[in-house]
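Take a look at the structure set out below.
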Amino acid sequence: MTLRAPSAGAGAGRNWALLALLALASLAMAAPLLWTLLLSLKSNGDLLRSTRSAFSPPYTLQNYSDILGHSAVFGWLLNSTIVSLAVTLGVLALSSLAGYGFARLRFPGRAVLFIVLLFGLAIPEQSVIIARHQMFSALNLHNTYRGLILPGLAAPFGVFLMTQYFRATPRELEEAATLDGASRFKIFWRILLPLSLPAQATLGIFTFLSTWNDYWWPLISATDSDMYTLTVGVASSQMNFAQTNGLGYLMAQAVFASAPILIVYVIFQRYIVAGVSRAAT
Amino acid sequence: MDSCEQTAAPSTRRTWAASKSEARSGLLFVAPYLIVFAVLLIYPLFSGIWLSLHKADLFGGSQFIGAQNYARLFRDPVFLTAVSNTLYFVLLTVPPLTLIGLGLALALNNRSRWSALLRGLFFSSSVLSVTIVTLIWRMVLIPDGGLIANLLTSIGRSPVAFLSDAHLALPAIAFTTIWWCIGLPMMLFLAALQQVPRDLYEAARLDNAGRWRMLASITLPSIRHTALVVVVIELILQFQLFGQAQIMTLGGPNNASLPMVLFIYQVGFQRWDIGYAAAASEILFGMILIAAMTQYFAARGRESR
């Protein structure tokens, strides 16, 4: 198997300088990942003597069995799963309903509201996070699942995406159903929702990924270690870097904590690529 | 629903009733989201601006002081350092992310299995969370047994303490960030390259155009719009640098790697000077808007000329 030359010159000869550059970039990309994997497979004692020992056997799975034996990681994993799934389902439900409303039904103020939503796309998190934190303090929502889930439901991106999708869907099917006297909700539920599955998948996977990886909000809202999500938990365990549990253990935790999201990525890769393509064009 | 109204056209009263019921169900469909949007995004946005005009603390004490927080920010050397660090960081990350992303997309835009594998590799880091990325990179960068330190000692050089050197801390964080974020620009450019009509290349080949010529006069002009999207997205993202600095250096040494968002976090959530932090966050918001819009309109202007 050989790499072909860049597309602009398809058919032209290989350019060794460019290939070398690509190889170098790939190495820079892969090396930190391999380094982490190797470190996670070494005993803490070996690493304490020298991390160079990571390049040669003996390797062990001891760090991983330590994680499985007793670790807060499972609690964090559970919290991340609950929060990410809840936000994803919530965003899908709210965005589909609102997307259908904006795309298909005429009501007073529709155009203005949609422009306000577009404006909402431009609001970065840090310009609302302080006031939001105050508000959640007043409502006693910190260190609860609701506190972690609710802010994720507010981003207008999903509504925007679903509105665009429904607008591009042909009306014929709905018209037939309308003549048969079906209610609007029934038309939405039976006809448009099933048609929108590809868009739901893309929106769902992006929402899941970004919620799973969110750091700032859980950092300030979930201050109780029982409520840590995986990102905050992993951050807290590296604050006392390599001192308490040992380097190998810490790196095994990194591998273990990235496994779920990498699995999700591999399974849903298709939808991620589709989503990015839609954003680009 | 257009057809519904057409069939009901003979009776104006029925049309009116139909559109009224349509309006009612329209509002019902959008209401759940709009409530969440108003309560969790619009209200905090305005209440944040309102807060920034107050001296407010953790204990709920609050006093209207007008623009004093803003005046204080512009005299605060730590804040000014954070602003210049943020701009420097954006400069260190956005151009490389755009150019490397474009380079990778050009190199990997083909059907070979190696390319598919490398596309997967270059995007894989993007799905990791910031805390895992920083964990990995601290073990690459630390002078005591890190990957780079091991490489340096094996060629007889002494290790470098990247993260505790005032000149190297921010560039090291920038390098980590490029490693983390390179997947998105690459994918956006790849998607754009797929849209370039194949027959343009065929025609150019018949004219014996070389590959650099094709790159310059076909490929690059066709993906200009995507380049703009990439730059604007990355500007917005990199202005918001937070986790990497918070975990890798805590903004140090001596604030050399303190970005604006970390300043806001420290002032707001560690010193609980909430009004002051809110004012800083409004300035960051303004800077992001200006940067993104300048970029957008500059590119639009160039295109229309």
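Residues are referred to by chain and number: the chain letter is A, B, ... according to the order shown in the structure tokens, the number counts from 1 in that chain, and ligands are numbered separately from 1 in the order shown.
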
Could you work out which residues of chain A fall inside 6 Å of chain B? Count only C-alpha atoms, and format the result as a list in words.
Pro6, Ala8, Gly9, Thr51, Leu94, Leu97, Ala98, Gly101, Leu105, Arg106, Phe107, Ser127, Val128, Ala131, Arg132, Ala154, Asn213, Thr231, Ala235, Ala254, Ser277 and Ala280 of chain A

Same residues, N, CA, C and O atoms, output as a PDB file, in the first residue's frame:
```pdb
ATOM      1  N   PRO A   6      -0.749  14.233  -3.091  1.00  0.00           N
ATOM      2  CA  PRO A   6      -1.896  15.085  -2.776  1.00  0.00           C
ATOM      3  C   PRO A   6      -2.841  15.240  -3.963  1.00  0.00           C
ATOM      4  O   PRO A   6      -2.422  15.189  -5.105  1.00  0.00           O
ATOM      5  N   ALA A   8      -4.333  17.555  -5.469  1.00  0.00           N
ATOM      6  CA  ALA A   8      -4.162  18.560  -6.509  1.00  0.00           C
ATOM      7  C   ALA A   8      -3.265  18.005  -7.620  1.00  0.00           C
ATOM      8  O   ALA A   8      -3.355  18.417  -8.759  1.00  0.00           O
ATOM      9  N   GLY A   9      -2.411  17.071  -7.254  1.00  0.00           N
ATOM     10  CA  GLY A   9      -1.511  16.548  -8.261  1.00  0.00           C
ATOM     11  C   GLY A   9      -1.763  15.079  -8.519  1.00  0.00           C
ATOM     12  O   GLY A   9      -0.836  14.346  -8.833  1.00  0.00           O
ATOM     13  N   THR A  51      11.705   6.453  33.828  1.00  0.00           N
ATOM     14  CA  THR A  51      10.615   6.286  32.882  1.00  0.00           C
ATOM     15  C   THR A  51      11.121   5.670  31.582  1.00  0.00           C
ATOM     16  O   THR A  51      10.333   5.228  30.767  1.00  0.00           O
ATOM     17  N   LEU A  94     -35.991  18.686  22.517  1.00  0.00           N
ATOM     18  CA  LEU A  94     -36.289  20.121  22.398  1.00  0.00           C
ATOM     19  C   LEU A  94     -36.014  20.631  20.987  1.00  0.00           C
ATOM     20  O   LEU A  94     -36.803  21.396  20.425  1.00  0.00           O
ATOM     21  N   LEU A  97     -38.669  19.305  18.326  1.00  0.00           N
ATOM     22  CA  LEU A  97     -39.950  20.002  18.464  1.00  0.00           C
ATOM     23  C   LEU A  97     -39.836  21.423  17.929  1.00  0.00           C
ATOM     24  O   LEU A  97     -40.619  21.851  17.072  1.00  0.00           O
ATOM     25  N   ALA A  98     -38.833  22.153  18.413  1.00  0.00           N
ATOM     26  CA  ALA A  98     -38.699  23.551  18.009  1.00  0.00           C
ATOM     27  C   ALA A  98     -38.355  23.655  16.531  1.00  0.00           C
ATOM     28  O   ALA A  98     -38.858  24.536  15.828  1.00  0.00           O
ATOM     29  N   GLY A 101     -41.475  23.294  14.585  1.00  0.00           N
ATOM     30  CA  GLY A 101     -42.266  24.514  14.723  1.00  0.00           C
ATOM     31  C   GLY A 101     -41.753  25.632  13.823  1.00  0.00           C
ATOM     32  O   GLY A 101     -42.515  26.259  13.096  1.00  0.00           O
ATOM     33  N   LEU A 105     -44.543  25.576  10.851  1.00  0.00           N
ATOM     34  CA  LEU A 105     -45.760  26.213  11.335  1.00  0.00           C
ATOM     35  C   LEU A 105     -45.580  27.718  11.388  1.00  0.00           C
ATOM     36  O   LEU A 105     -44.535  28.208  11.799  1.00  0.00           O
ATOM     37  N   ARG A 106     -46.617  28.440  10.963  1.00  0.00           N
ATOM     38  CA  ARG A 106     -46.525  29.892  11.017  1.00  0.00           C
ATOM     39  C   ARG A 106     -47.172  30.410  12.296  1.00  0.00           C
ATOM     40  O   ARG A 106     -48.302  30.038  12.612  1.00  0.00           O
ATOM     41  N   PHE A 107     -46.422  31.182  13.039  1.00  0.00           N
ATOM     42  CA  PHE A 107     -46.983  31.770  14.258  1.00  0.00           C
ATOM     43  C   PHE A 107     -46.384  33.158  14.417  1.00  0.00           C
ATOM     44  O   PHE A 107     -45.310  33.442  13.870  1.00  0.00           O
ATOM     45  N   SER A 127     -19.379  34.203  28.951  1.00  0.00           N
ATOM     46  CA  SER A 127     -20.114  35.437  29.206  1.00  0.00           C
ATOM     47  C   SER A 127     -21.429  35.177  29.935  1.00  0.00           C
ATOM     48  O   SER A 127     -22.109  36.115  30.328  1.00  0.00           O
ATOM     49  N   VAL A 128     -21.797  33.917  30.114  1.00  0.00           N
ATOM     50  CA  VAL A 128     -23.012  33.624  30.889  1.00  0.00           C
ATOM     51  C   VAL A 128     -22.705  32.807  32.141  1.00  0.00           C
ATOM     52  O   VAL A 128     -23.550  32.665  33.018  1.00  0.00           O
ATOM     53  N   ALA A 131     -23.113  34.466  35.860  1.00  0.00           N
ATOM     54  CA  ALA A 131     -24.501  34.708  36.257  1.00  0.00           C
ATOM     55  C   ALA A 131     -25.252  33.390  36.424  1.00  0.00           C
ATOM     56  O   ALA A 131     -26.077  33.237  37.324  1.00  0.00           O
ATOM     57  N   ARG A 132     -24.935  32.432  35.557  1.00  0.00           N
ATOM     58  CA  ARG A 132     -25.592  31.135  35.642  1.00  0.00           C
ATOM     59  C   ARG A 132     -25.210  30.421  36.943  1.00  0.00           C
ATOM     60  O   ARG A 132     -26.035  29.787  37.596  1.00  0.00           O
ATOM     61  N   ALA A 154     -29.463  24.446  26.700  1.00  0.00           N
ATOM     62  CA  ALA A 154     -29.780  25.800  26.242  1.00  0.00           C
ATOM     63  C   ALA A 154     -29.169  26.160  24.894  1.00  0.00           C
ATOM     64  O   ALA A 154     -29.643  27.076  24.232  1.00  0.00           O
ATOM     65  N   ASN A 213     -17.107  15.779  27.287  1.00  0.00           N
ATOM     66  CA  ASN A 213     -15.809  16.430  27.428  1.00  0.00           C
ATOM     67  C   ASN A 213     -15.876  17.795  28.094  1.00  0.00           C
ATOM     68  O   ASN A 213     -14.848  18.445  28.264  1.00  0.00           O
ATOM     69  N   THR A 231     -14.236  14.074  33.414  1.00  0.00           N
ATOM     70  CA  THR A 231     -13.226  15.097  33.114  1.00  0.00           C
ATOM     71  C   THR A 231     -12.720  15.748  34.392  1.00  0.00           C
ATOM     72  O   THR A 231     -11.514  15.914  34.571  1.00  0.00           O
ATOM     73  N   ALA A 235      -9.014  15.369  36.216  1.00  0.00           N
ATOM     74  CA  ALA A 235      -8.255  16.585  36.545  1.00  0.00           C
ATOM     75  C   ALA A 235      -7.863  16.586  38.017  1.00  0.00           C
ATOM     76  O   ALA A 235      -6.730  16.907  38.366  1.00  0.00           O
ATOM     77  N   ALA A 254      -5.768   7.421  32.518  1.00  0.00           N
ATOM     78  CA  ALA A 254      -5.990   8.201  31.297  1.00  0.00           C
ATOM     79  C   ALA A 254      -6.495   7.303  30.176  1.00  0.00           C
ATOM     80  O   ALA A 254      -7.449   7.636  29.465  1.00  0.00           O
ATOM     81  N   SER A 277     -19.042  17.613   7.481  1.00  0.00           N
ATOM     82  CA  SER A 277     -19.207  17.996   6.078  1.00  0.00           C
ATOM     83  C   SER A 277     -20.336  19.001   5.923  1.00  0.00           C
ATOM     84  O   SER A 277     -20.240  19.943   5.153  1.00  0.00           O
ATOM     85  N   ALA A 280     -19.284  22.386   6.867  1.00  0.00           N
ATOM     86  CA  ALA A 280     -18.274  23.017   6.014  1.00  0.00           C
ATOM     87  C   ALA A 280     -18.878  23.627   4.764  1.00  0.00           C
ATOM     88  O   ALA A 280     -18.277  24.504   4.158  1.00  0.00           O
TER      89      ALA A 280
END
```

Quick one: residues within 12 Å of Met293 (chain B), only C-alpha atoms counted, chain neighbours fewer than 4 positions away excluded, as a list in words?
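Skipping anything fewer than 4 positions along the chain leaves Ala122 of chain A; Leu228, Val229, Val231, Val232, Ile233, Leu235, Ile236, Gly286, Met287, Ile288, Leu289, Phe297, Ala298, Ala299, Arg300 and Gly301 of chain B.
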
Next, the residues of the selection above should be written as a PDB file, in the first residue's frame with N, CA and C atoms.
```pdb
ATOM      1  N   ALA A 122     -23.912  32.913  18.941  1.00  0.00           N
ATOM      2  CA  ALA A 122     -22.657  33.650  19.093  1.00  0.00           C
ATOM      3  C   ALA A 122     -22.283  33.911  20.552  1.00  0.00           C
TER       4      ALA A 122
ATOM      5  N   LEU B 228     -12.279  30.401   5.608  1.00  0.00           N
ATOM      6  CA  LEU B 228     -12.850  31.439   6.461  1.00  0.00           C
ATOM      7  C   LEU B 228     -13.580  30.815   7.651  1.00  0.00           C
ATOM      8  N   VAL B 229     -14.377  29.778   7.374  1.00  0.00           N
ATOM      9  CA  VAL B 229     -15.099  29.099   8.455  1.00  0.00           C
ATOM     10  C   VAL B 229     -14.113  28.557   9.488  1.00  0.00           C
ATOM     11  N   VAL B 231     -11.014  29.544  10.157  1.00  0.00           N
ATOM     12  CA  VAL B 231     -10.357  30.601  10.928  1.00  0.00           C
ATOM     13  C   VAL B 231     -11.310  31.170  11.983  1.00  0.00           C
ATOM     14  N   VAL B 232     -12.560  31.410  11.597  1.00  0.00           N
ATOM     15  CA  VAL B 232     -13.500  31.991  12.558  1.00  0.00           C
ATOM     16  C   VAL B 232     -13.779  31.011  13.706  1.00  0.00           C
ATOM     17  N   ILE B 233     -14.022  29.730  13.380  1.00  0.00           N
ATOM     18  CA  ILE B 233     -14.277  28.741  14.432  1.00  0.00           C
ATOM     19  C   ILE B 233     -13.078  28.662  15.379  1.00  0.00           C
ATOM     20  N   LEU B 235     -10.673  30.875  15.900  1.00  0.00           N
ATOM     21  CA  LEU B 235     -10.537  32.121  16.675  1.00  0.00           C
ATOM     22  C   LEU B 235     -11.420  32.051  17.913  1.00  0.00           C
ATOM     23  N   ILE B 236     -12.699  31.689  17.697  1.00  0.00           N
ATOM     24  CA  ILE B 236     -13.651  31.654  18.806  1.00  0.00           C
ATOM     25  C   ILE B 236     -13.198  30.627  19.844  1.00  0.00           C
ATOM     26  N   GLY B 286     -16.647  40.663  23.961  1.00  0.00           N
ATOM     27  CA  GLY B 286     -16.489  41.714  22.960  1.00  0.00           C
ATOM     28  C   GLY B 286     -15.317  41.434  22.031  1.00  0.00           C
ATOM     29  N   MET B 287     -14.191  40.987  22.611  1.00  0.00           N
ATOM     30  CA  MET B 287     -13.006  40.715  21.792  1.00  0.00           C
ATOM     31  C   MET B 287     -13.278  39.592  20.793  1.00  0.00           C
ATOM     32  N   ILE B 288     -13.966  38.538  21.263  1.00  0.00           N
ATOM     33  CA  ILE B 288     -14.264  37.413  20.366  1.00  0.00           C
ATOM     34  C   ILE B 288     -15.160  37.883  19.221  1.00  0.00           C
ATOM     35  N   LEU B 289     -16.205  38.662  19.582  1.00  0.00           N
ATOM     36  CA  LEU B 289     -17.117  39.155  18.548  1.00  0.00           C
ATOM     37  C   LEU B 289     -16.370  39.995  17.520  1.00  0.00           C
ATOM     38  N   PHE B 297     -15.877  39.915   7.818  1.00  0.00           N
ATOM     39  CA  PHE B 297     -16.125  40.982   6.853  1.00  0.00           C
ATOM     40  C   PHE B 297     -14.921  41.245   5.967  1.00  0.00           C
ATOM     41  N   ALA B 298     -13.721  41.078   6.519  1.00  0.00           N
ATOM     42  CA  ALA B 298     -12.524  41.246   5.695  1.00  0.00           C
ATOM     43  C   ALA B 298     -12.551  40.242   4.543  1.00  0.00           C
ATOM     44  N   ALA B 299     -12.886  38.993   4.874  1.00  0.00           N
ATOM     45  CA  ALA B 299     -12.902  37.964   3.833  1.00  0.00           C
ATOM     46  C   ALA B 299     -14.029  38.218   2.842  1.00  0.00           C
ATOM     47  N   ARG B 300     -15.192  38.640   3.357  1.00  0.00           N
ATOM     48  CA  ARG B 300     -16.316  38.945   2.473  1.00  0.00           C
ATOM     49  C   ARG B 300     -15.954  40.067   1.513  1.00  0.00           C
ATOM     50  N   GLY B 301     -15.295  41.101   2.062  1.00  0.00           N
ATOM     51  CA  GLY B 301     -14.922  42.245   1.251  1.00  0.00           C
ATOM     52  C   GLY B 301     -13.978  41.844   0.129  1.00  0.00           C
TER      53      GLY B 301
END
```

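CA of Asp273 (chain B) is found 10.6 Å from CA of Ser62 (chain B).
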
Just to confirm, what's the straight-line distance from CA of Gly248 (chain A) to CA of Val73 (chain A) in Å (one decimal)?
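Interatomic distance, CA of Gly248 (chain A) to CA of Val73 (chain A): 15.4 Å.
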
Using only C-alpha atoms, determine which residues lie at most 6 Å from Val159 (chain A), disregarding the query and same-chain residues fewer than 4 positions distant; provide the list as a CSV table (one decimal) with N, CA and C atoms, in the first residue's frame.
```csv
chain,number,residue,atom,x,y,z
A,95,SER,N,-34.9,20.2,20.4
A,95,SER,CA,-34.5,20.7,19.1
A,95,SER,C,-35.5,20.2,18.0
A,99,GLY,N,-37.5,22.7,16.0
A,99,GLY,CA,-37.1,22.7,14.6
A,99,GLY,C,-38.4,22.6,13.7
A,163,THR,N,-34.1,22.8,12.3
A,163,THR,CA,-34.9,23.6,11.5
A,163,THR,C,-34.5,23.5,10.0
```

Apply DSSP to the backbone of this structure and, from region 88-245 of chain A, keep only the residues in helix (DSSP H, G or I); write these as a PyMOL selection string.
chain A and resi 88-104+110-121+125-127+129-138+145-153+157-167+172-179+184-195+197-213+216-221+225-227+230-239

What's the separation between CA of Pro218 (chain A) and CA of Ile173 (chain B), in Å to one decimal place?
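One can read the CA of Pro218 (chain A) to CA of Ile173 (chain B) distance as 22.2 Å.
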